[in-house]
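Q: Right, I'll just put the structure down here and ask away after.
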Amino acid sequence: MNPVTVSYAPHIHNHASTSHIMRDVLIALSPALAGSVLIFGMRAAVVIFMCVASAVVFEWGYQKIMKKQETISDLSACVTGLLLAFNLPVDIPLWQAVFGSGVAIILVKQFFGGIGKNFANPALTARVVMLISFPTAMSTWAEVPNAVSSATPLELVQTGALQYMPSNLDLFLGLHGGSLGETSELALIIGGVYLIARRVITWHIPVSFIGTVYILTAILGEQPTVQLLAGGLFIGAIFMATDYPTSPQTNSGRLIFGLGCGLLTVIIRVWGNYPEGVSFAILFMNCIVPFINKLTMHHALGGKKA
């Protein structure tokens, strides 16, 4: 009789890999990519190319210099570069876009050990660094054809210039000022549905994040529809807050995480000096993910805490 070897759980296997997951994320981002070029013109394609290409070069160069295993084939650098580009204005100087890619790949991702070991979303962290380093360039919005104003809807709410507010349909389609990939909610929702259908992400963080912002701004009388459709709420909730290494591991933890992100976003938008709050909210919640995991982690029946 042949001996039977029994290994420790879990015993579930599938064919998912980092490259497959990143490929799905890139596919999910493609509607927003197409929308950004249609809305902002070919300059958007140039910014996107520079961010993605420089992200790949930075990752390859750092790993080459440090004599580490090359991982550019897993497509994670492409995703980081694309997400960073989607958080930038179309007229951003290209050297600043390259600088942002360097911050995301080298300082946030590689310095902490590479993919899966970063404590915060690389693209989001790079955006915040750029907001602090280049405030004028990061808050100057190009005019959008058929749009009433080049200012972002959140800026119009903050300044009280509601007569220039786009219609709800224009907000949904993305015909207004803003960063490249954040304006078209239609494109982002299509991508989000694809990721959920492919089981790359679950619904818990996007729904709790977006729902919290809508409900709280409705209670406060702060233009809930505009708060929902404007700014970086959808791209943040669907593509950044759901980042595997920086989000909770349990569904209950994800709900807590999304609720916290939504609450902080509303606090910053309503009472802060900065009209947008998604990036700062997600980064703050990234820092407390270990505590959320500890609070919500399931234990095996009869098991003891480590």
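Chain labels run A, B, ... following the order of the structure tokens; each chain numbers its residues from 1, and ligands are numbered from 1 in the order shown.
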Excluding same-chain residues fewer than 6 positions from segment 59-70 of chain A, what lies within 8 Å of it counting only C-alpha atoms, as JSON, numbers by chain?
A: {"A": [77, 105, 106, 110]}
Q: Enumerate the residues of segment 55-303 of chain A with a DSSP assignment of alpha helix (DSSP H), computed from the backbone, and present them as a ChimeraX atom specification.
A: /A:55-65,76-86,94-102,122-133,135-138,153-159,168-173,185-197,204-220,224-229,233-235,251-271,278-287,289-296
Q: Which is closest to Thr202 of chain A among A:Thr136, A:Thr242, A:Thr125, A:Thr80, if we use only C-alpha atoms?
A: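 The answer is A:Thr242, which sits nearest to Thr202 of chain A.
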Q: State, in Å with one decimal place, the distance from atom CA of Phe291 of chain A to atom CA of Phe209 of chain A.
A: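 These two atoms are separated by 18.5 Å.
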Q: Between A:Gly277, A:Gly113, A:Gly181, A:Gly102, which one has atoms that come closest to Val37 of chain A, using only C-alpha atoms?
A: A:Gly181
Q: Calculated over only C-alpha atoms, which of the candidates A:Ser76, A:Ser139, A:Thr152, A:Thr225 has the smallest distance to Gly211 of chain A?
A: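 Checking each of A:Ser76, A:Ser139, A:Thr152, A:Thr225 against Gly211 of chain A, counting only C-alpha atoms, the winner is A:Thr225.
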Q: If we count only C-alpha atoms, what is near Leu229 of chain A at a cut-off of 8 Å, once residues fewer than 2 positions away on the same chain are taken out, given as number ranges by chain?
A: A: 168, 171-172, 185, 225-227, 231, 233-234
Q: Near Pro248 of chain A, within 7 Å and counting only C-alpha atoms, which residues show up once chain neighbours fewer than 3 positions away are dropped, as a ChimeraX atom specification?
A: /A:253-254,289,292-293
Q: Which residues come within 12 Å of Leu220 of chain A, counting only C-alpha atoms, excluding same-chain residues fewer than 2 positions away, as number ranges by chain?
A: A: 213-218, 222-224, 227, 266-267, 269-271
Q: Selected residues, N, CA and C atoms, written as an mmCIF file, in the first residue's frame, please.
A:
```
data_model
loop_
_atom_site.group_PDB
_atom_site.id
_atom_site.type_symbol
_atom_site.label_atom_id
_atom_site.label_comp_id
_atom_site.auth_asym_id
_atom_site.auth_seq_id
_atom_site.Cartn_x
_atom_site.Cartn_y
_atom_site.Cartn_z
ATOM 1 N N VAL A 213 -20.529 57.492 1.160
ATOM 2 C CA VAL A 213 -20.404 58.883 0.695
ATOM 3 C C VAL A 213 -21.762 59.434 0.307
ATOM 4 N N TYR A 214 -22.543 58.647 -0.414
ATOM 5 C CA TYR A 214 -23.856 59.136 -0.865
ATOM 6 C C TYR A 214 -24.793 59.385 0.309
ATOM 7 N N ILE A 215 -24.876 58.444 1.219
ATOM 8 C CA ILE A 215 -25.814 58.568 2.344
ATOM 9 C C ILE A 215 -25.437 59.738 3.252
ATOM 10 N N LEU A 216 -24.156 59.856 3.592
ATOM 11 C CA LEU A 216 -23.741 60.920 4.502
ATOM 12 C C LEU A 216 -23.903 62.305 3.876
ATOM 13 N N THR A 217 -23.556 62.443 2.593
ATOM 14 C CA THR A 217 -23.717 63.757 1.956
ATOM 15 C C THR A 217 -25.192 64.096 1.775
ATOM 16 N N ALA A 218 -26.044 63.080 1.591
ATOM 17 C CA ALA A 218 -27.482 63.337 1.523
ATOM 18 C C ALA A 218 -28.000 63.836 2.862
ATOM 19 N N GLU A 222 -25.354 67.995 1.097
ATOM 20 C CA GLU A 222 -24.169 68.430 0.360
ATOM 21 C C GLU A 222 -24.119 67.857 -1.057
ATOM 22 N N GLN A 223 -25.194 68.073 -1.821
ATOM 23 C CA GLN A 223 -25.219 67.666 -3.220
ATOM 24 C C GLN A 223 -24.804 66.193 -3.394
ATOM 25 N N PRO A 224 -25.564 65.242 -2.866
ATOM 26 C CA PRO A 224 -25.134 63.836 -2.886
ATOM 27 C C PRO A 224 -24.899 63.276 -4.286
ATOM 28 N N GLN A 227 -21.577 64.615 -5.415
ATOM 29 C CA GLN A 227 -20.524 63.954 -4.648
ATOM 30 C C GLN A 227 -20.298 62.527 -5.131
ATOM 31 N N VAL A 266 -15.975 62.089 3.107
ATOM 32 C CA VAL A 266 -16.996 63.112 3.360
ATOM 33 C C VAL A 266 -16.467 64.183 4.302
ATOM 34 N N ILE A 267 -15.765 63.780 5.340
ATOM 35 C CA ILE A 267 -15.207 64.757 6.291
ATOM 36 C C ILE A 267 -14.272 65.725 5.570
ATOM 37 N N ARG A 269 -14.090 66.361 2.261
ATOM 38 C CA ARG A 269 -14.783 67.150 1.239
ATOM 39 C C ARG A 269 -15.651 68.252 1.837
ATOM 40 N N VAL A 270 -16.337 67.944 2.919
ATOM 41 C CA VAL A 270 -17.303 68.894 3.471
ATOM 42 C C VAL A 270 -16.638 69.930 4.369
ATOM 43 N N TRP A 271 -15.700 69.509 5.200
ATOM 44 C CA TRP A 271 -15.117 70.427 6.177
ATOM 45 C C TRP A 271 -13.643 70.759 5.921
#
```
Q: Name all residues at most 7 Å from Gly192 of chain A (count only C-alpha atoms; drop same-chain ones fewer than 4 positions away) and give them as number ranges by chain.
A: A: 28, 188, 196, 238
Q: Which is closest to Trp203 of chain A among A:Tyr244, A:Ile190, A:Gly177, A:Leu255, if we use only C-alpha atoms?
A: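 Once distances to Trp203 of chain A are computed over only C-alpha atoms, the minimum belongs to A:Leu255.
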Q: Could you pull the residues within 7 Å of Phe86 of chain A, counting only C-alpha atoms, minus those fewer than 5 positions along the same chain, as a list in words?
A: Ser179, Leu180, Gly181 and Glu182 of chain A
Q: By how many Å are atom CA of Gln249 of chain A and atom CA of Thr265 of chain A apart?
A: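 Distance reported for this atom pair: 22.0 Å.
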Q: Go through A:Phe257, A:Phe239, A:Phe119, A:Trp141 one by one, measure the shortest atom-to-atom distance of each to Val25 of chain A using only C-alpha atoms, and give the residue with the smallest value.
A: A:Phe239
